[in-house]
$ cat work.txt   # compact mmCIF, C-alpha atoms
# COMPACT_ATOMS: atom_id res chain seq x y z
CA MET A 1 81.10 234.74 6.14
CA THR A 2 79.67 238.22 5.69
CA LYS A 3 76.57 236.65 4.16
CA SER A 4 75.71 235.07 7.52
CA ALA A 5 72.64 237.20 8.15
CA LYS A 6 70.97 235.70 5.09
CA ILE A 7 71.71 232.08 5.89
CA PRO A 8 68.52 230.20 6.79
CA LYS A 9 68.28 228.69 10.24
CA ALA A 10 67.35 225.38 8.60
CA THR A 11 70.71 225.37 6.82
CA ILE A 12 72.52 225.62 10.16
CA THR A 13 70.46 222.76 11.58
CA ARG A 14 71.25 220.64 8.53
CA LEU A 15 74.99 221.40 8.79
CA SER A 16 74.83 220.02 12.28
CA ILE A 17 73.14 216.86 10.99
CA TYR A 18 75.61 216.50 8.08
CA TYR A 19 78.38 216.72 10.64
CA ARG A 20 77.00 213.79 12.63
CA GLN A 21 76.75 211.64 9.52
CA LEU A 22 80.30 212.59 8.50
CA GLU A 23 81.52 211.40 11.90
CA LEU A 24 79.76 208.08 11.35
CA LEU A 25 81.17 207.80 7.82
CA GLU A 26 84.66 208.39 9.18
CA PHE A 27 84.05 205.78 11.87
CA ASP A 28 83.00 203.33 9.14
CA GLY A 29 86.22 204.02 7.23
CA TYR A 30 84.92 206.18 4.38
CA ARG A 31 87.27 208.89 3.11
CA MET A 32 85.02 210.56 0.51
CA VAL A 33 81.28 211.04 0.28
CA SER A 34 79.08 212.32 -2.54
CA SER A 35 76.34 214.88 -1.96
CA GLU A 36 73.92 212.13 -3.03
CA LYS A 37 75.06 209.76 -0.31
CA LEU A 38 75.26 212.46 2.35
CA ALA A 39 71.75 213.62 1.44
CA TRP A 40 70.44 210.07 1.58
CA LEU A 41 71.97 209.51 5.02
CA CYS A 42 70.39 212.73 6.28
CA GLN A 43 67.02 212.12 4.61
CA GLY A 44 67.54 215.23 2.52
CA ASN A 45 68.28 215.92 -1.14
CA PRO A 46 71.63 216.40 -2.89
CA ALA A 47 70.85 219.87 -4.30
CA GLN A 48 70.05 221.05 -0.78
CA VAL A 49 73.32 219.63 0.55
CA ARG A 50 75.26 221.48 -2.15
CA LYS A 51 73.31 224.69 -1.55
CA ASP A 52 73.75 224.54 2.23
CA LEU A 53 77.48 224.04 1.97
CA GLY A 54 77.71 226.55 -0.88
CA TYR A 55 76.83 229.39 1.49
CA PHE A 56 80.23 228.93 3.09
CA GLY A 57 82.56 228.06 0.24
CA GLU A 58 83.58 225.36 -2.21
CA PHE A 59 84.26 222.24 -0.21
CA GLY A 60 83.64 219.47 -2.72
CA VAL A 61 85.30 218.23 -5.87
CA ARG A 62 82.96 217.84 -8.82
CA GLY A 63 82.39 214.17 -9.64
CA VAL A 64 84.32 213.04 -6.56
CA GLY A 65 82.49 214.48 -3.60
CA TYR A 66 83.58 215.73 -0.22
CA ASP A 67 86.55 214.67 1.88
CA VAL A 68 84.93 213.20 4.98
CA ILE A 69 87.51 214.56 7.44
CA ASP A 70 88.03 217.96 5.81
CA LEU A 71 84.31 218.64 5.62
CA GLN A 72 83.94 217.88 9.33
CA ALA A 73 86.62 220.47 10.10
CA HIS A 74 84.93 223.06 7.87
CA ILE A 75 81.54 222.52 9.49
CA LYS A 76 83.03 222.64 12.99
CA ARG A 77 84.54 226.00 12.15
CA ILE A 78 81.31 227.32 10.62
CA LEU A 79 79.27 226.23 13.65
CA ALA A 80 81.98 227.47 16.02
CA VAL A 81 82.12 224.08 17.70
CA ASN A 82 85.88 223.97 17.16
CA ARG A 83 86.08 225.56 20.61
CA ASP A 84 84.53 224.78 24.01
CA TRP A 85 81.43 226.48 25.40
CA ASN A 86 80.68 226.77 29.10
CA LEU A 87 77.19 225.68 30.13
CA GLY A 88 75.30 226.17 33.37
CA ILE A 89 72.30 223.92 34.05
CA ALA A 90 69.45 225.11 36.24
CA GLY A 91 67.08 222.50 37.68
CA ILE A 92 68.80 219.28 38.74
CA GLY A 93 65.90 216.85 38.57
CA ASN A 94 65.92 213.76 36.38
CA LEU A 95 66.40 215.65 33.14
CA GLY A 96 69.10 217.97 34.48
CA SER A 97 70.92 214.97 35.92
CA ALA A 98 70.64 213.15 32.61
CA LEU A 99 72.22 216.10 30.80
CA LEU A 100 75.06 216.34 33.31
CA GLN A 101 75.93 212.72 32.53
CA HIS A 102 75.32 212.97 28.79
CA GLN A 103 78.44 211.69 27.07
CA ASN A 104 77.88 213.60 23.88
CA LEU A 105 77.72 217.08 25.34
CA SER A 106 81.26 217.24 26.64
CA ALA A 107 82.53 215.25 23.66
CA ARG A 108 81.19 218.05 21.45
CA GLY A 109 82.73 220.81 23.54
CA PHE A 110 79.58 221.73 25.47
CA ARG A 111 80.98 221.62 28.99
CA CYS A 112 78.45 221.57 31.81
CA ILE A 113 80.50 223.34 34.47
CA ALA A 114 77.80 224.53 36.87
CA ALA A 115 74.61 223.00 38.26
CA PHE A 116 71.97 225.06 40.06
CA ASP A 117 68.86 224.24 42.03
CA ASN A 118 66.65 225.95 44.60
CA ASP A 119 66.00 222.81 46.65
CA SER A 120 67.95 222.94 49.92
CA ARG A 121 68.07 219.12 49.94
CA LYS A 122 70.04 219.20 46.68
CA ILE A 123 72.23 222.26 47.20
CA GLY A 124 75.76 221.30 48.24
CA LYS A 125 75.40 217.70 47.05
CA THR A 126 77.82 216.41 44.45
CA THR A 127 76.44 214.99 41.19
CA PRO A 128 77.76 211.70 39.73
CA ALA A 129 79.64 213.86 37.24
CA GLY A 130 81.46 215.48 40.19
CA LEU A 131 79.76 218.90 40.15
CA LYS A 132 78.63 220.46 43.40
CA ILE A 133 75.03 221.66 43.08
CA MET A 134 74.88 225.38 43.78
CA ASP A 135 72.12 227.57 45.12
CA ILE A 136 70.26 229.23 42.25
CA LYS A 137 70.65 232.47 44.25
CA ASP A 138 74.37 232.32 43.50
CA LEU A 139 73.83 232.08 39.75
CA ASP A 140 74.85 235.65 39.03
CA GLN A 141 78.22 235.41 40.78
CA THR A 142 78.90 231.90 39.43
CA VAL A 143 78.24 232.96 35.86
CA GLU A 144 80.86 235.66 36.27
CA ASP A 145 83.38 233.45 38.09
CA LEU A 146 83.12 230.51 35.69
CA LYS A 147 82.42 232.50 32.51
CA ILE A 148 79.21 230.64 31.72
CA GLU A 149 78.06 231.39 28.18
CA ILE A 150 74.99 229.20 27.69
CA GLY A 151 72.19 228.60 30.18
CA VAL A 152 70.27 225.34 30.15
CA ILE A 153 66.82 225.29 31.74
CA THR A 154 65.56 221.95 33.05
CA THR A 155 63.26 223.25 35.75
CA PRO A 156 59.52 222.58 36.03
CA PRO A 157 57.53 224.88 33.71
CA SER A 158 56.45 227.13 36.59
CA ALA A 159 60.07 228.11 37.34
CA ALA A 160 61.38 228.42 33.78
CA GLN A 161 60.76 232.13 33.20
CA ALA A 162 62.23 233.16 36.56
CA VAL A 163 65.35 231.13 35.85
CA ALA A 164 65.62 232.59 32.35
CA ASP A 165 65.43 236.07 33.90
CA LEU A 166 68.25 235.17 36.30
CA PHE A 167 70.44 234.02 33.42
CA LEU A 168 69.68 237.18 31.43
CA LYS A 169 70.39 239.39 34.44
CA ALA A 170 73.76 237.63 34.69
CA ARG A 171 74.28 238.48 31.00
CA VAL A 172 73.93 234.93 29.70
CA ASN A 173 72.20 235.72 26.43
CA ALA A 174 71.79 232.22 25.05
CA LEU A 175 69.39 229.73 26.57
CA LEU A 176 68.48 226.14 25.82
CA ASN A 177 65.03 225.50 27.23
CA PHE A 178 63.86 221.94 27.94
CA SER A 179 60.90 223.06 30.00
CA PRO A 180 57.62 222.64 28.11
CA THR A 181 56.63 226.27 28.42
CA ARG A 182 57.18 229.54 26.61
CA ILE A 183 60.00 231.79 27.74
CA THR A 184 59.95 235.47 26.88
CA VAL A 185 63.28 237.18 26.33
CA PRO A 186 64.40 240.50 24.82
CA GLU A 187 65.25 240.62 21.09
CA CYS A 188 68.98 240.53 21.81
CA CYS A 189 68.73 237.11 23.44
CA LEU A 190 68.59 233.68 21.97
CA VAL A 191 66.33 230.87 23.12
CA GLU A 192 66.25 227.42 21.59
CA ASN A 193 63.49 225.14 22.79
CA ILE A 194 63.70 221.37 22.85
CA ASP A 195 60.32 219.74 22.52
CA PHE A 196 60.37 215.94 22.45
CA THR A 197 56.78 215.84 21.27
CA VAL A 198 57.57 217.32 17.86
CA LYS A 199 59.38 214.08 16.98
CA LEU A 200 56.51 212.04 18.38
CA ASP A 201 54.11 213.99 16.17
CA MET A 202 56.26 212.95 13.20
CA ILE A 203 56.05 209.31 14.28
CA SER A 204 52.32 209.62 14.78
CA TYR A 205 51.89 211.04 11.27
CA GLU A 206 53.98 208.30 9.69
CA LEU A 207 52.33 205.49 11.65
CA GLN A 208 48.89 206.66 10.68
CA HIS A 209 49.83 206.55 7.00
CA GLU A 210 51.38 203.10 7.44
CA ILE A 211 48.25 201.79 9.12
CA GLY A 212 46.06 203.54 6.56
CA ALA A 213 48.09 202.17 3.62
CA MET B 1 45.44 213.01 1.69
CA THR B 2 46.49 210.77 -1.17
CA LYS B 3 49.34 213.17 -1.84
CA SER B 4 50.95 212.20 1.48
CA ALA B 5 53.92 210.44 -0.09
CA LYS B 6 55.07 213.72 -1.60
CA ILE B 7 54.75 215.83 1.52
CA PRO B 8 58.17 216.86 2.81
CA LYS B 9 59.18 215.73 6.27
CA ALA B 10 60.03 219.34 7.09
CA THR B 11 56.40 220.28 6.45
CA ILE B 12 55.24 217.76 9.04
CA THR B 13 57.73 219.09 11.57
CA ARG B 14 56.54 222.63 10.91
CA LEU B 15 52.87 221.63 11.31
CA SER B 16 53.80 220.36 14.73
CA ILE B 17 55.43 223.68 15.55
CA TYR B 18 52.48 225.69 14.16
CA TYR B 19 50.23 223.63 16.40
CA ARG B 20 52.19 224.60 19.52
CA GLN B 21 52.00 228.29 18.64
CA LEU B 22 48.27 227.99 17.95
CA GLU B 23 47.80 226.55 21.43
CA LEU B 24 49.66 229.50 22.90
CA LEU B 25 47.63 231.95 20.80
CA GLU B 26 44.42 230.36 22.06
CA PHE B 27 45.73 230.56 25.62
CA ASP B 28 46.39 234.26 25.07
CA GLY B 29 42.83 234.77 23.83
CA TYR B 30 43.41 235.13 20.10
CA ARG B 31 40.66 233.78 17.82
CA MET B 32 42.24 234.43 14.41
CA VAL B 33 45.83 234.50 13.21
CA SER B 34 47.35 235.60 9.90
CA SER B 35 49.95 233.50 8.10
CA GLU B 36 52.32 236.44 8.68
CA LYS B 37 51.91 236.33 12.44
CA LEU B 38 52.02 232.53 12.62
CA ALA B 39 55.20 232.54 10.52
CA TRP B 40 56.77 235.19 12.72
CA LEU B 41 55.97 233.21 15.88
CA CYS B 42 57.51 230.09 14.35
CA GLN B 43 60.54 231.88 12.91
CA GLY B 44 59.42 230.93 9.43
CA ASN B 45 57.95 232.79 6.48
CA PRO B 46 54.30 233.34 5.53
CA ALA B 47 54.54 231.74 2.07
CA GLN B 48 55.90 228.59 3.68
CA VAL B 49 53.06 228.52 6.21
CA ARG B 50 50.50 228.79 3.40
CA LYS B 51 52.29 226.15 1.33
CA ASP B 52 52.61 223.72 4.26
CA LEU B 53 48.93 224.00 5.11
CA GLY B 54 47.97 223.99 1.42
CA TYR B 55 49.09 220.37 1.09
CA PHE B 56 46.10 219.40 3.21
CA GLY B 57 43.33 221.77 2.17
CA GLU B 58 42.07 225.33 2.37
CA PHE B 59 42.01 226.29 6.01
CA GLY B 60 42.32 230.06 5.91
CA VAL B 61 40.18 232.95 4.77
CA ARG B 62 41.91 235.38 2.44
CA GLY B 63 42.59 238.69 4.18
CA VAL B 64 41.39 237.35 7.53
CA GLY B 65 43.65 234.44 8.37
CA TYR B 66 43.13 231.19 10.18
CA ASP B 67 40.71 230.36 12.97
CA VAL B 68 43.01 229.51 15.88
CA ILE B 69 40.86 226.69 17.25
CA ASP B 70 39.78 225.19 13.92
CA LEU B 71 43.33 225.08 12.61
CA GLN B 72 44.47 223.22 15.74
CA ALA B 73 41.79 220.60 15.10
CA HIS B 74 42.83 220.26 11.44
CA ILE B 75 46.50 219.84 12.33
CA LYS B 76 45.70 217.32 15.07
CA ARG B 77 43.82 215.27 12.52
CA ILE B 78 46.60 215.53 9.92
CA LEU B 79 49.25 214.49 12.45
CA ALA B 80 46.95 211.79 13.87
CA VAL B 81 47.38 213.20 17.35
CA ASN B 82 43.62 213.37 17.76
CA ARG B 83 43.97 209.88 19.26
CA ASP B 84 46.16 208.33 21.95
CA TRP B 85 49.34 206.37 21.25
CA ASN B 86 50.78 203.77 23.60
CA LEU B 87 54.47 204.15 24.40
CA GLY B 88 56.91 201.79 26.07
CA ILE B 89 60.15 203.23 27.47
CA ALA B 90 63.27 201.11 27.73
CA GLY B 91 66.05 202.29 30.05
CA ILE B 92 64.81 203.86 33.27
CA GLY B 93 67.79 206.00 34.20
CA ASN B 94 67.57 209.75 34.66
CA LEU B 95 66.34 210.45 31.15
CA GLY B 96 63.79 207.62 31.10
CA SER B 97 62.50 208.77 34.49
CA ALA B 98 62.28 212.35 33.24
CA LEU B 99 60.17 211.23 30.27
CA LEU B 100 57.85 209.17 32.47
CA GLN B 101 57.12 212.31 34.46
CA HIS B 102 56.98 214.65 31.47
CA GLN B 103 53.69 216.51 31.66
CA ASN B 104 53.48 217.26 27.98
CA LEU B 105 53.66 213.69 26.71
CA SER B 106 50.42 212.45 28.22
CA ALA B 107 48.76 215.82 27.62
CA ARG B 108 49.46 215.29 23.92
CA GLY B 109 48.14 211.73 23.90
CA PHE B 110 51.53 210.01 24.07
CA ARG B 111 50.84 207.64 26.97
CA CYS B 112 53.88 206.02 28.58
CA ILE B 113 52.25 202.80 29.73
CA ALA B 114 55.25 200.52 30.17
CA ALA B 115 58.76 200.97 31.57
CA PHE B 116 61.54 198.44 31.01
CA ASP B 117 65.01 197.97 32.40
CA ASN B 118 67.55 195.16 32.70
CA ASP B 119 68.81 196.20 36.14
CA SER B 120 67.51 193.79 38.79
CA ARG B 121 67.67 196.62 41.36
CA LYS B 122 65.12 198.57 39.33
CA ILE B 123 62.85 195.78 38.08
CA GLY B 124 59.67 195.55 40.14
CA LYS B 125 60.05 199.05 41.61
CA THR B 126 57.28 201.56 41.03
CA THR B 127 58.10 204.87 39.35
CA PRO B 128 56.78 208.20 40.71
CA ALA B 129 54.30 208.09 37.83
CA GLY B 130 52.96 204.81 39.24
CA LEU B 131 54.37 202.40 36.63
CA LYS B 132 55.98 199.17 37.74
CA ILE B 133 59.36 198.75 36.03
CA MET B 134 59.37 195.52 34.06
CA ASP B 135 62.16 193.19 33.05
CA ILE B 136 63.32 193.99 29.52
CA LYS B 137 63.09 190.23 28.90
CA ASP B 138 59.30 190.56 29.16
CA LEU B 139 59.14 193.26 26.50
CA ASP B 140 57.73 190.99 23.83
CA GLN B 141 54.78 189.77 25.90
CA THR B 142 54.12 193.22 27.37
CA VAL B 143 54.00 194.85 23.95
CA GLU B 144 51.32 192.37 22.97
CA ASP B 145 49.36 192.63 26.22
CA LEU B 146 49.37 196.44 26.38
CA LYS B 147 49.29 197.10 22.61
CA ILE B 148 52.42 199.25 22.65
CA GLU B 149 52.83 201.11 19.36
CA ILE B 150 55.90 203.30 19.87
CA GLY B 151 59.16 202.29 21.55
CA VAL B 152 61.28 204.90 23.31
CA ILE B 153 64.96 204.14 23.84
CA THR B 154 66.68 205.87 26.75
CA THR B 155 69.37 203.27 27.42
CA PRO B 156 73.12 203.87 27.34
CA PRO B 157 74.47 203.83 23.76
CA SER B 158 75.90 200.32 24.13
CA ALA B 159 72.44 198.82 24.73
CA ALA B 160 70.45 200.85 22.21
CA GLN B 161 70.67 198.51 19.21
CA ALA B 162 69.80 195.41 21.24
CA VAL B 163 66.76 197.17 22.68
CA ALA B 164 65.73 198.36 19.22
CA ASP B 165 65.94 194.77 18.02
CA LEU B 166 63.71 193.64 20.89
CA PHE B 167 61.11 196.24 19.99
CA LEU B 168 61.23 195.26 16.32
CA LYS B 169 60.94 191.56 17.17
CA ALA B 170 57.82 192.46 19.16
CA ARG B 171 56.53 194.23 16.02
CA VAL B 172 56.89 197.77 17.35
CA ASN B 173 57.91 199.47 14.11
CA ALA B 174 58.31 203.03 15.36
CA LEU B 175 61.14 204.06 17.64
CA LEU B 176 62.14 207.30 19.29
CA ASN B 177 65.84 207.11 20.09
CA PHE B 178 67.37 209.36 22.73
CA SER B 179 70.59 207.39 22.90
CA PRO B 180 73.47 209.19 21.19
CA THR B 181 74.22 206.35 18.83
CA ARG B 182 73.11 205.07 15.45
CA ILE B 183 70.39 202.44 15.33
CA THR B 184 70.00 200.26 12.26
CA VAL B 185 66.51 199.09 11.36
CA PRO B 186 64.88 197.54 8.29
CA GLU B 187 63.32 199.85 5.68
CA CYS B 188 59.82 199.16 6.98
CA CYS B 189 60.63 200.67 10.36
CA LEU B 190 60.74 204.21 11.53
CA VAL B 191 63.37 205.71 13.80
CA GLU B 192 63.41 209.30 14.95
CA ASN B 193 66.51 210.42 16.82
CA ILE B 194 66.60 213.18 19.39
CA ASP B 195 69.96 214.86 19.58
CA PHE B 196 70.18 217.73 22.04
CA THR B 197 73.47 218.84 20.59
CA VAL B 198 71.95 219.94 17.27
CA LYS B 199 70.23 222.80 19.12
CA LEU B 200 73.46 223.61 20.94
CA ASP B 201 75.25 223.80 17.60
CA MET B 202 72.66 226.37 16.53
CA ILE B 203 73.33 228.39 19.68
CA SER B 204 77.07 228.10 19.13
CA TYR B 205 76.72 229.39 15.57
CA GLU B 206 74.57 232.35 16.64
CA LEU B 207 76.76 233.25 19.61
CA GLN B 208 79.87 233.27 17.49
CA HIS B 209 78.26 235.74 15.09
CA GLU B 210 77.07 237.89 17.97
CA ILE B 211 80.55 237.99 19.48
CA GLY B 212 82.08 238.51 16.05
CA ALA B 213 79.64 241.32 15.23

$ encode --input "work.txt" --output "structure tokens"
Amino acid sequence: MTKSAKIPKATITRLSIYYRQLELLEFDGYRMVSSEKLAWLCQGNPAQVRKDLGYFGEFGVRGVGYDVIDLQAHIKRILAVNRDWNLGIAGIGNLGSALLQHQNLSARGFRCIAAFDNDSRKIGKTTPAGLKIMDIKDLDQTVEDLKIEIGVITTPPSAAQAVADLFLKARVNALLNFSPTRITVPECCLVENIDFTVKLDMISYELQHEIGA
Amino acid sequence: MTKSAKIPKATITRLSIYYRQLELLEFDGYRMVSSEKLAWLCQGNPAQVRKDLGYFGEFGVRGVGYDVIDLQAHIKRILAVNRDWNLGIAGIGNLGSALLQHQNLSARGFRCIAAFDNDSRKIGKTTPAGLKIMDIKDLDQTVEDLKIEIGVITTPPSAAQAVADLFLKARVNALLNFSPTRITVPECCLVENIDFTVKLDMISYELQHEIGA
């Protein structure tokens, strides 16, 4: 694991995608999977699968493949999703509400344990998931009390930077930003942006070639 | 453009990301950008930037870089986002509602022009964006009437496959699936899945190494 600094970000993303396919394979009753099949399921290539996993050890058996359940456990450990993470969500509009009810987040150990907003009509209300919406002004104290480790930003773009600053001030150094705007953070902090339109661009590209073909 | 079949999917995704950074550079007043700077902004590497763009032509000037505005136009053309696409959204819960109000979709030419649900309490209501929610049973006719080209699935997981089948029956061959489940489609069709938890896995991985460091 000391090589971690050299591991490409794309490898980590692909591990996450391999993991999802391994879950589905297990669900379908498969016990072993070849790098060829795993690559095909993930729209990748077998050499890449072997290289990605090779950064972390020898998980497969030559000519046989990978044990579907074992490999899931290995990847969970590598990604550190074999533990729970505490999330706080700021901005409880439609998207924030959708995330609070998202079945997959808690199933994967990403526990949304605090919800913040600045709208007095929302503050104090209880979400369908049973969380009381807190005043964004109380973010700092709540982060400390609940040991929030990851901040999720689902505010309108105009509020995103201010909310990011609040999280950083409260020493939450990892942010997931759904707001379609740029957030500036110090080098020590981590921001991942989710942009739905990147996938739509992919669809657009493919459709054009289909139509053109 | 005849080489398109050989162009890696990852290249298309990166073009989309380059485009977003070029927009921000333009907003900040930059007229030219080097492959080094563009790579740095996109957390990639300069050789990859040059290779990705090289699939489609010679857009840069050696030693000077790329024209920020010209390169945006080239990428828009490559991705076919220099035109509008008509989207229909099925499942008007929190996430569907969030997408209907998402500023970036329409700004990028992805027009949400139809909203479907199977809940009689929602059907006939008008969304904040001004769309009347239609009965999912009318999807087929609506797709034809409004020339819907891309289907967006924001239903609960249990309904996702049935909705995908409805879109396919109506000859919508490109789907964007937000539902955390697997959708099976024929080879001729295109499904892109959006899984928020892949980005959270990335954060988890990075945080672990930060804590461990």

$ interface_residues --input "work.txt" --of "chain A" --to "chain B" --cutoff "6 Å" --atoms "all atoms listed in the file" --output "NGL selection string"
:A and (16 or 79-80 or 94-95 or 98 or 198 or 204-205)

$ atom_distance --input "work.txt" --atom1 "atom CA of A:Ile183" --atom2 "atom CA of A:Lys132"
26.8 Å

$ atom_distance --input "work.txt" --atom1 "atom CA of A:Ile75" --atom2 "atom CA of A:Phe56"
9.2 Å

$ axis_aligned_box --input "work.txt" --around "stretch 130-136 of chain B" --padding-each-side "5 Å" --output "JSON"
{"center_x": 58.1, "center_y": 199.0, "center_z": 34.4, "size_x": 20.4, "size_y": 21.6, "size_z": 19.7}

$ atom_distance --input "work.txt" --atom1 "atom CA of B:Gly91" --atom2 "atom CA of A:Gly130"
22.7 Å

$ closest_residue --input "work.txt" --among "A:Leu146, A:Glu23, A:Glu36, A:Ile92" --to "A:Lys122" --atoms "only C-alpha atoms"
A:Ile92

$ closest_residue --input "work.txt" --among "B:Ala39, B:Ile113, B:Val68, B:Ile89" --to "B:Thr155" --atoms "only C-alpha atoms"
B:Ile89

$ residues_around --input "work.txt" --residues "B:Cys112" --least-positions-apart "2" --cutoff "7 Å" --atoms "all atoms listed in the file" --output "ChimeraX atom specification"
/B:86-89,100,110,114

$ residues_near_point --input "work.txt" --point "(58.9, 195.5, 31.8)" --cutoff "12 Å" --atoms "only C-alpha atoms" --output "PyMOL selection string"
chain B and resi 88-92+113-120+122-126+131-143+145-146+148

$ residues_around --input "work.txt" --residues "B:Leu22" --least-positions-apart "6" --cutoff "10 Å" --atoms "all atoms listed in the file" --output "list in words"
Ser16, Asp28, Tyr30, Arg31, Met32, Val33, Leu38, Leu41, Tyr66, Asp67, Val68, Ile69, Asp70, Leu71 and Gln72 of chain B
